[in-house]
Amino acid sequence: SGAYWIQSGTGPWSGVYVYDSGNSPAIGDSVTFAAVVDEYYNLTELKSVSSYVKVSSGNAVQVTDITIPDGALESYEGVLCKVTNAQCTSMPDTYLEWVVGDGMESLKVGDLIYAYTPVLNTYYDITGIMDYSYSERKIQPRSAADVTIHNAIDETEISSSVYPNPASDFVTVSAEAEGILKVVDMTGRVVYSTTFSQSADVNVSEMEP
């Protein structure tokens, strides 16, 4: 309470934190107001809000897709962002904050609005507001819906088949496509990968059900 984030469009420099105990906009409200720009412990914020007017409500909230390294940039501070296929590399600490990474860079996930309990090494898609506090940049999910296990399945519809199903030894995959065939477990971890062209036999005897 006493604060919210506003955003105009998407991309860098499109969002900002507002310190305002006098107004309580709902998600999707379009508002106009006058305010003073301030740096609070190096977090850019708007304060001393006046002439506040709600223009409309129920507007779609836009999300900016970013990579893990983008999370270190000041330009995304205050912007509602989404990182995709980010691996949990450390469990929540005493401050209920945890870390995700892409194998090279990392990003902290905060609990300012909502505290999520992840599973170590699981891959997540995380939507949240890019924040700066205690000298660290972090993404702040708004609710449970903002943190989902990454689904590595391509949404493109192609003619394909996998048989037999269920299988205990081998499955045959047939598809009108070429590329890389990957088998992914429930946590988003790739357990098998091979080059693919039209058809392939996959040994599943050593895989978890």
# chains A, B, ... in the order shown; residues from 1 in each chain; ligands from 1
>>> residues_around(residues="segment 121-132 of chain A", least_positions_apart="4", cutoff="6 Å", atoms="only C-alpha atoms", output="PyMOL selection string")
chain A and resi 43+77-89+136-141+146-150+187-188
>>> write_last_selection(atoms="N, CA, C and O atoms", output="tab-separated table (two decimals), in the first residue's frame")
chain	number	residue	atom	x	y	z
A	43	LEU	N	16.78	4.33	-6.62
A	43	LEU	CA	15.59	3.89	-7.34
A	43	LEU	C	14.83	5.13	-7.78
A	43	LEU	O	14.44	5.96	-6.96
A	77	GLU	N	14.08	-0.65	-15.22
A	77	GLU	CA	13.60	-0.39	-13.87
A	77	GLU	C	12.16	0.14	-13.92
A	77	GLU	O	11.86	1.08	-14.66
A	78	GLY	N	11.27	-0.47	-13.16
A	78	GLY	CA	9.87	-0.04	-13.14
A	78	GLY	C	9.02	-0.62	-14.24
A	78	GLY	O	7.81	-0.36	-14.28
A	79	VAL	N	9.60	-1.41	-15.16
A	79	VAL	CA	8.88	-1.97	-16.30
A	79	VAL	C	8.39	-3.38	-15.96
A	79	VAL	O	9.12	-4.17	-15.35
A	80	LEU	N	7.16	-3.70	-16.37
A	80	LEU	CA	6.65	-5.06	-16.21
A	80	LEU	C	7.29	-5.93	-17.28
A	80	LEU	O	7.06	-5.73	-18.47
A	81	CYS	N	8.12	-6.88	-16.86
A	81	CYS	CA	8.93	-7.67	-17.77
A	81	CYS	C	8.65	-9.16	-17.61
A	81	CYS	O	8.05	-9.59	-16.63
A	82	LYS	N	9.14	-9.93	-18.59
A	82	LYS	CA	9.04	-11.38	-18.52
A	82	LYS	C	10.34	-12.01	-18.97
A	82	LYS	O	10.86	-11.67	-20.03
A	83	VAL	N	10.87	-12.91	-18.14
A	83	VAL	CA	12.02	-13.71	-18.53
A	83	VAL	C	11.53	-15.14	-18.77
A	83	VAL	O	10.66	-15.63	-18.06
A	84	THR	N	12.08	-15.78	-19.80
A	84	THR	CA	11.61	-17.09	-20.22
A	84	THR	C	12.71	-18.14	-20.10
A	84	THR	O	13.87	-17.86	-20.39
A	85	ASN	N	12.33	-19.33	-19.65
A	85	ASN	CA	13.25	-20.46	-19.54
A	85	ASN	C	14.45	-20.13	-18.66
A	85	ASN	O	15.60	-20.36	-19.02
A	86	ALA	N	14.16	-19.58	-17.48
A	86	ALA	CA	15.19	-19.22	-16.51
A	86	ALA	C	15.27	-20.29	-15.43
A	86	ALA	O	14.26	-20.63	-14.81
A	87	GLN	N	16.47	-20.82	-15.20
A	87	GLN	CA	16.64	-21.93	-14.26
A	87	GLN	C	16.83	-21.43	-12.84
A	87	GLN	O	17.64	-20.52	-12.59
A	88	CYS	N	16.09	-22.02	-11.90
A	88	CYS	CA	16.28	-21.69	-10.48
A	88	CYS	C	17.62	-22.25	-10.03
A	88	CYS	O	17.83	-23.47	-10.03
A	89	THR	N	18.55	-21.37	-9.66
A	89	THR	CA	19.90	-21.79	-9.25
A	89	THR	C	20.12	-21.66	-7.76
A	89	THR	O	21.14	-22.12	-7.25
A	136	GLU	N	20.55	-4.00	-5.41
A	136	GLU	CA	20.40	-5.13	-6.33
A	136	GLU	C	19.18	-4.94	-7.22
A	136	GLU	O	18.14	-4.45	-6.77
A	137	ARG	N	19.33	-5.35	-8.48
A	137	ARG	CA	18.19	-5.36	-9.38
A	137	ARG	C	17.51	-6.72	-9.26
A	137	ARG	O	18.15	-7.75	-9.14
A	138	LYS	N	16.18	-6.70	-9.25
A	138	LYS	CA	15.44	-7.95	-9.08
A	138	LYS	C	14.08	-7.83	-9.77
A	138	LYS	O	13.58	-6.72	-10.00
A	139	ILE	N	13.51	-8.97	-10.11
A	139	ILE	CA	12.19	-9.00	-10.71
A	139	ILE	C	11.18	-9.36	-9.63
A	139	ILE	O	11.43	-10.26	-8.82
A	140	GLN	N	10.06	-8.62	-9.59
A	140	GLN	CA	9.07	-8.78	-8.53
A	140	GLN	C	7.77	-9.31	-9.11
A	140	GLN	O	6.96	-8.57	-9.67
A	141	PRO	N	7.51	-10.63	-9.00
A	141	PRO	CA	6.23	-11.19	-9.45
A	141	PRO	C	5.07	-10.56	-8.67
A	141	PRO	O	5.21	-10.22	-7.50
A	146	ASP	N	2.18	-15.23	-12.07
A	146	ASP	CA	3.35	-14.64	-12.74
A	146	ASP	C	4.55	-15.59	-12.78
A	146	ASP	O	5.56	-15.27	-13.42
A	147	VAL	N	4.48	-16.73	-12.10
A	147	VAL	CA	5.59	-17.68	-12.11
A	147	VAL	C	5.05	-19.04	-12.56
A	147	VAL	O	4.25	-19.66	-11.88
A	148	THR	N	5.49	-19.49	-13.74
A	148	THR	CA	5.03	-20.76	-14.27
A	148	THR	C	6.22	-21.59	-14.72
A	148	THR	O	7.27	-21.06	-15.11
A	149	ILE	N	6.07	-22.91	-14.66
A	149	ILE	CA	7.12	-23.80	-15.15
A	149	ILE	C	7.19	-23.67	-16.66
A	149	ILE	O	6.17	-23.66	-17.35
A	150	HIS	N	8.41	-23.52	-17.19
A	150	HIS	CA	8.59	-23.29	-18.62
A	150	HIS	C	8.13	-24.49	-19.43
A	150	HIS	O	8.47	-25.63	-19.13
A	187	THR	N	9.98	-30.73	-15.10
A	187	THR	CA	10.58	-29.51	-14.55
A	187	THR	C	11.15	-28.62	-15.64
A	187	THR	O	11.68	-27.55	-15.36
A	188	GLY	N	11.05	-29.05	-16.90
A	188	GLY	CA	11.59	-28.26	-18.00
A	188	GLY	C	13.02	-28.63	-18.36
A	188	GLY	O	13.62	-28.01	-19.24
>>> residues_around(residues="segment 157-165 of chain A", least_positions_apart="3", cutoff="8 Å", atoms="only C-alpha atoms", output="MDAnalysis selection string")
chainID A and resid 170:177
>>> atom_distance(atom1="atom CA of Phe33 of chain A", atom2="atom CA of Ala60 of chain A")
20.0 Å
>>> atom_distance(atom1="atom CA of Asp111 of chain A", atom2="atom CA of Ala35 of chain A")
26.9 Å
>>> residues_around(residues="Glu206 of chain A", least_positions_apart="3", cutoff="12 Å", atoms="only C-alpha atoms", output="number ranges by chain")
A: 167-170, 191-192, 202-203, 209
>>> write_last_selection(atoms="N, CA and C atoms", output="PDB file, in the first residue's frame")
ATOM      1  N   ALA A 167       4.729 -46.228 -23.465  1.00  0.00           N
ATOM      2  CA  ALA A 167       5.854 -47.044 -23.927  1.00  0.00           C
ATOM      3  C   ALA A 167       6.792 -47.323 -22.757  1.00  0.00           C
ATOM      4  N   SER A 168       7.473 -48.459 -22.814  1.00  0.00           N
ATOM      5  CA  SER A 168       8.425 -48.805 -21.759  1.00  0.00           C
ATOM      6  C   SER A 168       9.847 -48.922 -22.293  1.00  0.00           C
ATOM      7  N   ASP A 169      10.010 -49.135 -23.592  1.00  0.00           N
ATOM      8  CA  ASP A 169      11.340 -49.315 -24.169  1.00  0.00           C
ATOM      9  C   ASP A 169      11.692 -48.216 -25.181  1.00  0.00           C
ATOM     10  N   PHE A 170      10.984 -48.181 -26.282  1.00  0.00           N
ATOM     11  CA  PHE A 170      11.245 -47.206 -27.344  1.00  0.00           C
ATOM     12  C   PHE A 170       9.949 -46.519 -27.761  1.00  0.00           C
ATOM     13  N   VAL A 191      16.168 -33.989 -21.096  1.00  0.00           N
ATOM     14  CA  VAL A 191      16.744 -35.281 -20.705  1.00  0.00           C
ATOM     15  C   VAL A 191      17.267 -36.062 -21.906  1.00  0.00           C
ATOM     16  N   TYR A 192      16.926 -35.589 -23.114  1.00  0.00           N
ATOM     17  CA  TYR A 192      17.399 -36.265 -24.318  1.00  0.00           C
ATOM     18  C   TYR A 192      17.331 -35.290 -25.478  1.00  0.00           C
ATOM     19  N   VAL A 202      13.397 -43.287 -30.086  1.00  0.00           N
ATOM     20  CA  VAL A 202      13.959 -42.773 -28.843  1.00  0.00           C
ATOM     21  C   VAL A 202      13.884 -43.846 -27.767  1.00  0.00           C
ATOM     22  N   ASN A 203      15.033 -44.134 -27.151  1.00  0.00           N
ATOM     23  CA  ASN A 203      15.090 -45.109 -26.064  1.00  0.00           C
ATOM     24  C   ASN A 203      14.611 -44.431 -24.780  1.00  0.00           C
ATOM     25  N   PRO A 209       9.095 -42.167 -15.630  1.00  0.00           N
ATOM     26  CA  PRO A 209       7.771 -42.270 -16.274  1.00  0.00           C
ATOM     27  C   PRO A 209       7.180 -40.918 -16.655  1.00  0.00           C
TER      28      PRO A 209
END
>>> select_by_dssp(residues="segment 16-206 of chain A", states="strand (DSSP E)", output="PyMOL selection string")
chain A and resi 16-19+30-40+43-56+64-65+80-90+98-101+106-109+123-133+136-140+147-149+160-163+170-184+190-203
>>> closest_residue(among="A:Val31, A:Ala3, A:Ile68, A:Tyr40", to="Glu105 of chain A", atoms="only C-alpha atoms")
A:Ile68
>>> residues_around(residues="Ser57 of chain A", least_positions_apart="5", cutoff="10 Å", atoms="only C-alpha atoms", output="PyMOL selection string")
chain A and resi 25-31
>>> write_last_selection(atoms="N, CA, C and O atoms", output="PDB file, in the first residue's frame")
ATOM      1  N   PRO A  25      -4.827   3.162  -7.579  1.00  0.00           N
ATOM      2  CA  PRO A  25      -5.335   2.686  -8.871  1.00  0.00           C
ATOM      3  C   PRO A  25      -5.398   1.159  -8.910  1.00  0.00           C
ATOM      4  O   PRO A  25      -4.659   0.477  -8.199  1.00  0.00           O
ATOM      5  N   ALA A  26      -6.295   0.647  -9.746  1.00  0.00           N
ATOM      6  CA  ALA A  26      -6.393  -0.792  -9.970  1.00  0.00           C
ATOM      7  C   ALA A  26      -5.557  -1.149 -11.189  1.00  0.00           C
ATOM      8  O   ALA A  26      -5.281  -0.300 -12.047  1.00  0.00           O
ATOM      9  N   ILE A  27      -5.140  -2.409 -11.266  1.00  0.00           N
ATOM     10  CA  ILE A  27      -4.393  -2.865 -12.445  1.00  0.00           C
ATOM     11  C   ILE A  27      -5.257  -2.648 -13.688  1.00  0.00           C
ATOM     12  O   ILE A  27      -6.430  -3.026 -13.710  1.00  0.00           O
ATOM     13  N   GLY A  28      -4.695  -2.001 -14.690  1.00  0.00           N
ATOM     14  CA  GLY A  28      -5.422  -1.712 -15.915  1.00  0.00           C
ATOM     15  C   GLY A  28      -6.006  -0.318 -15.975  1.00  0.00           C
ATOM     16  O   GLY A  28      -6.533   0.085 -17.016  1.00  0.00           O
ATOM     17  N   ASP A  29      -5.917   0.449 -14.864  1.00  0.00           N
ATOM     18  CA  ASP A  29      -6.379   1.834 -14.889  1.00  0.00           C
ATOM     19  C   ASP A  29      -5.420   2.695 -15.719  1.00  0.00           C
ATOM     20  O   ASP A  29      -4.194   2.536 -15.631  1.00  0.00           O
ATOM     21  N   SER A  30      -5.976   3.608 -16.502  1.00  0.00           N
ATOM     22  CA  SER A  30      -5.188   4.635 -17.175  1.00  0.00           C
ATOM     23  C   SER A  30      -5.355   5.915 -16.379  1.00  0.00           C
ATOM     24  O   SER A  30      -6.481   6.343 -16.110  1.00  0.00           O
ATOM     25  N   VAL A  31      -4.237   6.515 -15.962  1.00  0.00           N
ATOM     26  CA  VAL A  31      -4.295   7.682 -15.084  1.00  0.00           C
ATOM     27  C   VAL A  31      -3.386   8.800 -15.591  1.00  0.00           C
ATOM     28  O   VAL A  31      -2.440   8.555 -16.341  1.00  0.00           O
TER      29      VAL A  31
END
>>> residues_around(residues="Thr32 of chain A", least_positions_apart="5", cutoff="7 Å", atoms="only C-alpha atoms", output="list in words")
Tyr52, Val53 and Lys54 of chain A
>>> write_last_selection(atoms="C-alpha atoms", output="mmCIF file, in the first residue's frame")
data_model
loop_
_atom_site.group_PDB
_atom_site.id
_atom_site.type_symbol
_atom_site.label_atom_id
_atom_site.label_comp_id
_atom_site.auth_asym_id
_atom_site.auth_seq_id
_atom_site.Cartn_x
_atom_site.Cartn_y
_atom_site.Cartn_z
ATOM 1 C CA TYR A 52 -4.648 12.766 -10.130
ATOM 2 C CA VAL A 53 -7.340 11.721 -12.621
ATOM 3 C CA LYS A 54 -8.473 8.214 -13.626
#
>>> atom_distance(atom1="atom CA of Ala200 of chain A", atom2="atom CA of Ile180 of chain A")
10.7 Å
>>> select_by_dssp(residues="chain A", states="helix (DSSP H, G or I)", output="list of chain:residue names")
A:Pro69, A:Asp70, A:Gly71, A:Ala72, A:Glu74, A:Ser75, A:Tyr76, A:Ala144, A:Ala145, A:Asp146
